[in-house]
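Colleague: Next up is a structure, given as structure tokens.
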Amino acid sequence: MAMLKAPLQGLMTSMVLLLLGLLMTCSLHLTEAQKGACYGRLGDNLPPAEEVVELYIQNNFQRMRLYDPNLAALQALSGSDIELMMGVSNDALQDVATSQDTANSWVKNYVTNYSTNVKFRYIVVGHNVNLSDSLAQFLLPAMKNINNMISAAGLDNQIKVSTAINPGVLGTSNPPSKGFFPAEARSFLDPIISFLVENRAPLLVNIHPYLIYSDMSQDTSLDHALFTANEVMVQDGQLEYRNVFDSLVDAVYSALEEAGGGSLEIVASESGWPSAGGTGATLDNARIYNTNLIQHVKGGTPKRPGKAIETYVFTMFDENNKSPELEKHWGLFLPNKQPKYPLLCRIPSTTQIVFSID
């Protein structure tokens, strides 16, 4: 037994050093990926904004999406290194679009008054506005008016003005190379795309494979939705797609190219998985999806490999004032700030080792 003790100790030491090395590598990769998370506030039991900001810092979320201005959140972000994506809500679009003075006041009250100490990254004008919405006519004018004031304040190189859409505006997404915006949407989207190209701003897209999976008519496997499939889902010429996320992103890229927006970058302004309330909505599936999402986006897509996709996990907390039931359960954390599951780091290997970095 004494003869085995030294080799065994050496083996144990080597294993510990290996795991520590993997942990350090994982942590560095997560930092490079610049994790973002959406801060939805449709709950009556959420923690104060200063505690939310501290939770972002503790969990290495370097970017925040705020759906509309919130003074407490802006004050809590002051002096932090968290970069902010902040929205002009759909309710405000008409007023901002029809009055430059109103747009100027909005920017002054919520951006320039805080820009010395808050790291604004994007202003998101409108959320999932499409051609059939009565607000569609106001979207581009609102974007222009906000951008005018951002430029007048000398912040246009730092803060980019965009809008957030979902892949439902596509005429098709399968195969991704055939993605296009239908004719009825082009009249609405083409001027927006031109605005983004002119101002070198990205297009923000809410990418939700869960919604594709849960729509039974799509016949999408759970593995392809969760990034866990090895088999090819779509063979698109020389490109192979093994997950829904990549296929959606690249379908939007193809549509942008056809519409004169080939130079644009896509930011995944939402992506997540619910833990209850619907088909496949379980804690384990939510853990698997968000773990794999954080790792996967570092590598780009088949169409644009090697370039990390800026991504915002949806969402930070469960929000009990949302409806229907499914909408309440997308959070990474409970309102008491306890994680619903550990954020994990997947180590690429033949055994798919998974361990917690918390």
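Ligands are numbered from 1 in the order shown, residues from 1 within each chain, and chains are lettered A, B, ... in the order they appear in the structure tokens.
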At a cut-off of 7 Å, using only C-alpha atoms, what residues contact range 209-225 of chain A? Leave out same-chain residues fewer than 3 positions from it and give the result as a list in words.
Modeller: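 Once the adjacent positions are removed, what remains is Thr228, Ala229, Arg242, Asn243, Val244, Phe245, Trp273 and Thr279 of chain A.
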Colleague: I'd like the neighbourhood of Ser177 in chain A as a list in words, where a residue qualifies if any of its atoms comes within 8 Å (using only C-alpha atoms), though same-chain residues fewer than 3 positions away should be ignored.
Modeller: Ser173, Asn174, Asp236, Asp250, Ala251 and Ser254 of chain A
Colleague: Restrict the selected residues to N, CA and C atoms and save them as a short mmCIF file (atom, residue, chain, number, x, y, z; two decimals), in the first residue's frame.
Modeller:
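Output saved as part.cif:
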data_model
loop_
_atom_site.label_atom_id
_atom_site.label_comp_id
_atom_site.auth_asym_id
_atom_site.auth_seq_id
_atom_site.Cartn_x
_atom_site.Cartn_y
_atom_site.Cartn_z
N SER A 173 -36.58 31.12 -43.10
CA SER A 173 -35.27 31.01 -42.44
C SER A 173 -34.63 29.66 -42.73
N ASN A 174 -35.21 28.88 -43.61
CA ASN A 174 -34.72 27.53 -43.88
C ASN A 174 -34.68 27.27 -45.40
N ASP A 236 -26.61 23.33 -45.67
CA ASP A 236 -26.87 24.50 -46.52
C ASP A 236 -25.64 24.75 -47.38
N ASP A 250 -28.03 33.38 -38.98
CA ASP A 250 -27.53 33.43 -40.35
C ASP A 250 -28.65 33.70 -41.37
N ALA A 251 -29.86 33.29 -41.07
CA ALA A 251 -30.98 33.62 -41.95
C ALA A 251 -31.20 35.13 -41.97
N SER A 254 -28.49 36.66 -44.09
CA SER A 254 -28.78 36.51 -45.52
C SER A 254 -29.82 37.53 -45.97
#
Colleague: What residues in range 125-351 of chain A get the DSSP label helix (DSSP H, G or I)? Please answer as a PyMOL selection string.
Modeller: chain A and resi 136-152+167-169+176-178+183-199+209-214+216-218+222-226+244-258+283-299+325-328
Colleague: Of the candidates A:Asp81, A:Glu240, A:Glu184, A:Glu319, which shows the shortest atom-to-atom distance to Ser132 in chain A, using only C-alpha atoms?
Modeller: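 The shortest atom-to-atom distance to Ser132 in chain A comes from A:Glu184.
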Colleague: Between CA of Glu50 in chain A and CA of Lys340 in chain A, what is the distance in Å, rounded to a tenth?
Modeller: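 So the answer is 20.5 Å.
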Colleague: Residues within 12 Å of range 133-142 of chain A, please, as a PyMOL selection string. Count only C-alpha atoms; anything in the same chain fewer than 5 positions from it doesn't count.
Modeller: chain A and resi 87-104+106-107+123-128+147-149+161-165+185+187-196
Colleague: Just N, CA and C atoms for this one: save the residues we selected as a compact mmCIF listing (two decimals), in the first residue's frame.
Modeller:
# COMPACT_ATOMS: atom_id res chain seq x y z
N GLY A 87 -33.67 51.16 -23.68
CA GLY A 87 -34.73 51.27 -24.65
C GLY A 87 -35.56 52.54 -24.57
N VAL A 88 -36.02 52.98 -25.75
CA VAL A 88 -37.14 53.92 -25.86
C VAL A 88 -38.36 53.04 -26.05
N SER A 89 -39.26 53.02 -25.10
CA SER A 89 -40.38 52.08 -25.13
C SER A 89 -41.33 52.37 -26.30
N ASN A 90 -42.06 51.37 -26.71
CA ASN A 90 -43.03 51.55 -27.79
C ASN A 90 -44.04 52.64 -27.47
N ASP A 91 -44.39 52.78 -26.20
CA ASP A 91 -45.35 53.80 -25.79
C ASP A 91 -44.85 55.21 -26.07
N ALA A 92 -43.54 55.38 -26.13
CA ALA A 92 -42.97 56.71 -26.32
C ALA A 92 -42.66 57.03 -27.78
N LEU A 93 -42.81 56.07 -28.67
CA LEU A 93 -42.37 56.25 -30.04
C LEU A 93 -43.03 57.43 -30.74
N GLN A 94 -44.36 57.54 -30.64
CA GLN A 94 -45.06 58.59 -31.37
C GLN A 94 -44.60 59.98 -30.93
N ASP A 95 -44.49 60.18 -29.63
CA ASP A 95 -44.08 61.49 -29.13
C ASP A 95 -42.66 61.83 -29.55
N VAL A 96 -41.77 60.86 -29.47
CA VAL A 96 -40.37 61.10 -29.84
C VAL A 96 -40.24 61.32 -31.35
N ALA A 97 -41.07 60.61 -32.13
CA ALA A 97 -40.99 60.71 -33.59
C ALA A 97 -41.52 62.04 -34.11
N THR A 98 -42.51 62.58 -33.45
CA THR A 98 -43.20 63.76 -33.98
C THR A 98 -42.68 65.07 -33.40
N SER A 99 -41.72 64.99 -32.50
CA SER A 99 -41.17 66.21 -31.90
C SER A 99 -39.69 66.04 -31.59
N GLN A 100 -38.86 66.82 -32.30
CA GLN A 100 -37.43 66.78 -31.99
C GLN A 100 -37.17 67.26 -30.57
N ASP A 101 -37.97 68.22 -30.11
CA ASP A 101 -37.80 68.70 -28.74
C ASP A 101 -38.04 67.59 -27.72
N THR A 102 -39.07 66.78 -27.98
CA THR A 102 -39.35 65.66 -27.07
C THR A 102 -38.19 64.66 -27.07
N ALA A 103 -37.67 64.38 -28.28
CA ALA A 103 -36.51 63.48 -28.37
C ALA A 103 -35.30 64.07 -27.64
N ASN A 104 -35.11 65.39 -27.80
CA ASN A 104 -33.99 66.04 -27.12
C ASN A 104 -34.13 65.93 -25.60
N TRP A 106 -35.78 63.62 -23.95
CA TRP A 106 -35.58 62.22 -23.57
C TRP A 106 -34.08 61.93 -23.44
N VAL A 107 -33.31 62.34 -24.43
CA VAL A 107 -31.86 62.08 -24.40
C VAL A 107 -31.22 62.83 -23.24
N ILE A 123 -28.89 52.74 -27.69
CA ILE A 123 -30.26 53.15 -27.41
C ILE A 123 -31.15 52.35 -28.37
N VAL A 124 -32.06 51.58 -27.81
CA VAL A 124 -32.92 50.69 -28.60
C VAL A 124 -34.28 51.38 -28.75
N VAL A 125 -34.55 51.85 -29.94
CA VAL A 125 -35.79 52.58 -30.20
C VAL A 125 -36.84 51.58 -30.67
N GLY A 126 -37.79 51.27 -29.83
CA GLY A 126 -38.84 50.31 -30.18
C GLY A 126 -38.40 48.87 -29.97
N HIS A 127 -39.40 48.02 -29.73
CA HIS A 127 -39.14 46.61 -29.45
C HIS A 127 -40.15 45.77 -30.23
N ASN A 128 -39.65 44.98 -31.16
CA ASN A 128 -40.50 44.09 -31.96
C ASN A 128 -41.63 44.82 -32.68
N ASN A 147 -31.16 59.91 -32.57
CA ASN A 147 -29.79 59.95 -33.07
C ASN A 147 -29.31 61.38 -33.29
N ASN A 148 -30.21 62.27 -33.72
CA ASN A 148 -29.84 63.67 -33.89
C ASN A 148 -29.31 64.26 -32.59
N MET A 149 -30.00 63.97 -31.50
CA MET A 149 -29.59 64.53 -30.21
C MET A 149 -28.34 63.84 -29.67
N VAL A 161 -27.60 54.04 -32.07
CA VAL A 161 -29.06 53.97 -32.03
C VAL A 161 -29.53 52.87 -32.98
N SER A 162 -30.37 51.97 -32.47
CA SER A 162 -30.87 50.86 -33.29
C SER A 162 -32.29 50.54 -32.86
N THR A 163 -32.79 49.40 -33.32
CA THR A 163 -34.08 48.87 -32.89
C THR A 163 -33.96 47.36 -32.78
N ALA A 164 -34.92 46.74 -32.10
CA ALA A 164 -34.89 45.29 -31.88
C ALA A 164 -36.05 44.64 -32.63
N ILE A 165 -35.71 43.62 -33.42
CA ILE A 165 -36.71 42.87 -34.17
C ILE A 165 -36.63 41.40 -33.77
N ALA A 185 -42.58 43.68 -46.06
CA ALA A 185 -41.76 44.16 -44.95
C ALA A 185 -40.61 45.05 -45.42
N SER A 187 -40.52 47.58 -47.47
CA SER A 187 -40.78 49.02 -47.47
C SER A 187 -40.61 49.61 -46.07
N PHE A 188 -40.85 48.79 -45.06
CA PHE A 188 -40.69 49.20 -43.67
C PHE A 188 -39.24 49.08 -43.22
N LEU A 189 -38.58 47.98 -43.58
CA LEU A 189 -37.26 47.68 -43.06
C LEU A 189 -36.12 48.31 -43.85
N ASP A 190 -36.27 48.48 -45.16
CA ASP A 190 -35.16 48.98 -45.97
C ASP A 190 -34.64 50.34 -45.49
N PRO A 191 -35.53 51.31 -45.20
CA PRO A 191 -35.00 52.60 -44.70
C PRO A 191 -34.31 52.47 -43.34
N ILE A 192 -34.78 51.54 -42.51
CA ILE A 192 -34.14 51.31 -41.22
C ILE A 192 -32.76 50.71 -41.43
N ILE A 193 -32.66 49.75 -42.34
CA ILE A 193 -31.37 49.14 -42.64
C ILE A 193 -30.40 50.20 -43.17
N SER A 194 -30.88 51.07 -44.05
CA SER A 194 -30.02 52.14 -44.58
C SER A 194 -29.54 53.07 -43.47
N PHE A 195 -30.43 53.38 -42.53
CA PHE A 195 -30.05 54.21 -41.39
C PHE A 195 -28.97 53.54 -40.57
N LEU A 196 -29.10 52.24 -40.31
CA LEU A 196 -28.10 51.52 -39.52
C LEU A 196 -26.76 51.47 -40.24
Colleague: DSSP on the backbone: which residues in range 292-353 of chain A end up as strand (DSSP E or B)? Give the answer as a PyMOL selection string.
Modeller: chain A and resi 300+305+311-313+317+333+339+344-347+353
Colleague: For CA of Asn113 in chain A and CA of Leu77 in chain A, determine how far apart the two atoms are, in Å to one decimal place.
Modeller: 13.0 Å
Colleague: Pick out the residues sitting within 9 Å of range 311-315 of chain A, and hand them over as a list in words; count only C-alpha atoms, and ignore anything fewer than 6 positions along from it in its own chain.
Modeller: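 Counting only the stated atoms, we get Ala33, Gln34, Lys35, Gly36, Ala37, Cys38, Tyr39, Gly40, Arg63, Met64, Arg65, Val267, Ala268, Ser269, Glu270, Ser271, Gly272, Trp273, Asn290, Leu293, Ile294, Val297, Trp330, Gly331, Leu332 and Phe333 of chain A.
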Colleague: Write a file of the selected residues as an mmCIF file, in the first residue's frame, keeping N, CA, C and O atoms.
Modeller:
data_model
loop_
_atom_site.group_PDB
_atom_site.id
_atom_site.type_symbol
_atom_site.label_atom_id
_atom_site.label_comp_id
_atom_site.auth_asym_id
_atom_site.auth_seq_id
_atom_site.Cartn_x
_atom_site.Cartn_y
_atom_site.Cartn_z
ATOM 1 N N ALA A 33 -16.133 36.682 -23.715
ATOM 2 C CA ALA A 33 -17.420 36.626 -24.391
ATOM 3 C C ALA A 33 -18.305 37.823 -24.049
ATOM 4 O O ALA A 33 -19.313 38.036 -24.700
ATOM 5 N N GLN A 34 -17.921 38.610 -23.019
ATOM 6 C CA GLN A 34 -18.681 39.799 -22.652
ATOM 7 C C GLN A 34 -20.158 39.468 -22.456
ATOM 8 O O GLN A 34 -21.021 39.882 -23.218
ATOM 9 N N LYS A 35 -20.436 38.715 -21.409
ATOM 10 C CA LYS A 35 -21.810 38.316 -21.132
ATOM 11 C C LYS A 35 -22.681 39.531 -20.850
ATOM 12 O O LYS A 35 -22.286 40.446 -20.139
ATOM 13 N N GLY A 36 -23.877 39.514 -21.415
ATOM 14 C CA GLY A 36 -24.883 40.510 -21.095
ATOM 15 C C GLY A 36 -26.134 39.815 -20.594
ATOM 16 O O GLY A 36 -26.359 38.638 -20.875
ATOM 17 N N ALA A 37 -26.959 40.537 -19.856
ATOM 18 C CA ALA A 37 -28.235 39.994 -19.392
ATOM 19 C C ALA A 37 -29.282 41.099 -19.420
ATOM 20 O O ALA A 37 -28.977 42.271 -19.181
ATOM 21 N N CYS A 38 -30.505 40.706 -19.729
ATOM 22 C CA CYS A 38 -31.624 41.642 -19.775
ATOM 23 C C CYS A 38 -32.153 41.865 -18.356
ATOM 24 O O CYS A 38 -32.334 40.909 -17.597
ATOM 25 N N TYR A 39 -32.417 43.103 -18.025
ATOM 26 C CA TYR A 39 -32.950 43.464 -16.717
ATOM 27 C C TYR A 39 -34.401 43.900 -16.902
ATOM 28 O O TYR A 39 -34.700 45.077 -17.038
ATOM 29 N N GLY A 40 -35.301 42.907 -16.939
ATOM 30 C CA GLY A 40 -36.727 43.195 -16.982
ATOM 31 C C GLY A 40 -37.223 43.512 -15.583
ATOM 32 O O GLY A 40 -36.738 42.951 -14.603
ATOM 33 N N ARG A 63 -22.616 43.526 -19.401
ATOM 34 C CA ARG A 63 -23.555 44.353 -20.162
ATOM 35 C C ARG A 63 -24.975 44.118 -19.671
ATOM 36 O O ARG A 63 -25.333 43.006 -19.283
ATOM 37 N N MET A 64 -25.766 45.170 -19.712
ATOM 38 C CA MET A 64 -27.150 45.129 -19.244
ATOM 39 C C MET A 64 -28.070 45.679 -20.325
ATOM 40 O O MET A 64 -27.746 46.672 -20.981
ATOM 41 N N ARG A 65 -29.223 45.004 -20.503
ATOM 42 C CA ARG A 65 -30.283 45.589 -21.315
ATOM 43 C C ARG A 65 -31.395 46.051 -20.390
ATOM 44 O O ARG A 65 -31.944 45.266 -19.613
ATOM 45 N N VAL A 267 -26.628 41.814 -33.195
ATOM 46 C CA VAL A 267 -26.513 41.620 -31.751
ATOM 47 C C VAL A 267 -27.723 40.813 -31.298
ATOM 48 O O VAL A 267 -28.864 41.166 -31.633
ATOM 49 N N ALA A 268 -27.488 39.721 -30.595
ATOM 50 C CA ALA A 268 -28.602 38.925 -30.054
ATOM 51 C C ALA A 268 -29.081 39.625 -28.784
ATOM 52 O O ALA A 268 -28.554 39.410 -27.688
ATOM 53 N N SER A 269 -30.085 40.486 -28.950
ATOM 54 C CA SER A 269 -30.516 41.365 -27.866
ATOM 55 C C SER A 269 -31.368 40.646 -26.829
ATOM 56 O O SER A 269 -31.621 41.196 -25.752
ATOM 57 N N GLU A 270 -31.806 39.444 -27.117
ATOM 58 C CA GLU A 270 -32.461 38.541 -26.160
ATOM 59 C C GLU A 270 -32.204 37.120 -26.605
ATOM 60 O O GLU A 270 -32.259 36.817 -27.800
ATOM 61 N N SER A 271 -31.937 36.247 -25.669
ATOM 62 C CA SER A 271 -31.968 34.810 -25.926
ATOM 63 C C SER A 271 -31.988 34.093 -24.584
ATOM 64 O O SER A 271 -31.178 34.402 -23.702
ATOM 65 N N GLY A 272 -32.914 33.167 -24.425
ATOM 66 C CA GLY A 272 -33.020 32.462 -23.159
ATOM 67 C C GLY A 272 -33.954 31.275 -23.252
ATOM 68 O O GLY A 272 -34.358 30.870 -24.346
ATOM 69 N N TRP A 273 -34.288 30.720 -22.098
ATOM 70 C CA TRP A 273 -35.135 29.521 -22.049
ATOM 71 C C TRP A 273 -35.930 29.547 -20.741
ATOM 72 O O TRP A 273 -35.349 29.756 -19.663
ATOM 73 N N ASN A 290 -28.856 28.034 -21.390
ATOM 74 C CA ASN A 290 -28.118 29.254 -21.089
ATOM 75 C C ASN A 290 -26.632 28.988 -20.881
ATOM 76 O O ASN A 290 -25.791 29.815 -21.254
ATOM 77 N N LEU A 293 -25.412 28.517 -24.468
ATOM 78 C CA LEU A 293 -25.479 29.792 -25.185
ATOM 79 C C LEU A 293 -24.260 30.645 -24.874
ATOM 80 O O LEU A 293 -23.603 31.165 -25.794
ATOM 81 N N ILE A 294 -23.951 30.807 -23.595
ATOM 82 C CA ILE A 294 -22.835 31.656 -23.176
ATOM 83 C C ILE A 294 -21.525 31.183 -23.802
ATOM 84 O O ILE A 294 -20.686 31.983 -24.220
ATOM 85 N N VAL A 297 -21.689 31.349 -28.268
ATOM 86 C CA VAL A 297 -21.645 32.594 -29.037
ATOM 87 C C VAL A 297 -20.240 33.139 -29.213
ATOM 88 O O VAL A 297 -20.023 34.039 -30.033
ATOM 89 N N TRP A 330 -38.521 33.080 -17.064
ATOM 90 C CA TRP A 330 -37.319 33.099 -17.891
ATOM 91 C C TRP A 330 -36.072 33.536 -17.120
ATOM 92 O O TRP A 330 -34.977 33.609 -17.682
ATOM 93 N N GLY A 331 -36.196 33.823 -15.850
ATOM 94 C CA GLY A 331 -35.089 34.397 -15.099
ATOM 95 C C GLY A 331 -33.955 33.431 -14.801
ATOM 96 O O GLY A 331 -34.167 32.228 -14.629
ATOM 97 N N LEU A 332 -32.753 34.001 -14.723
ATOM 98 C CA LEU A 332 -31.609 33.264 -14.199
ATOM 99 C C LEU A 332 -31.662 33.194 -12.680
ATOM 100 O O LEU A 332 -31.145 32.261 -12.075
ATOM 101 N N PHE A 333 -32.320 34.202 -12.087
ATOM 102 C CA PHE A 333 -32.378 34.312 -10.632
ATOM 103 C C PHE A 333 -33.829 34.453 -10.171
ATOM 104 O O PHE A 333 -34.683 34.964 -10.893
#
Colleague: Calculated over only C-alpha atoms, which of the candidates A:Asp246, A:Asn70, A:Leu343, A:Pro335 has the smallest distance to Glu51 in chain A?
Modeller: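 Counting only C-alpha atoms, the residue closest to Glu51 in chain A is A:Pro335.
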Colleague: Mind giving me the straight-line distance from CA of Phe180 in chain A to CA of Glu265 in chain A in Å, one decimal?
Modeller: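 So the two atoms, CA of Phe180 in chain A and CA of Glu265 in chain A, lie 16.2 Å apart.
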Colleague: Find the spatial neighbours of Asn45 in chain A, counting only C-alpha atoms, within a cut-off of 12 Å - ignore same-chain residues fewer than 4 positions away - and output them as number ranges by chain.
Modeller: A: 41, 49, 317-321, 334-337
Colleague: From the options A:Val249, A:Ile146, A:Leu256, A:Leu326, which residue's atoms come nearest to Gly280 in chain A, counting only C-alpha atoms?
Modeller: A:Leu326
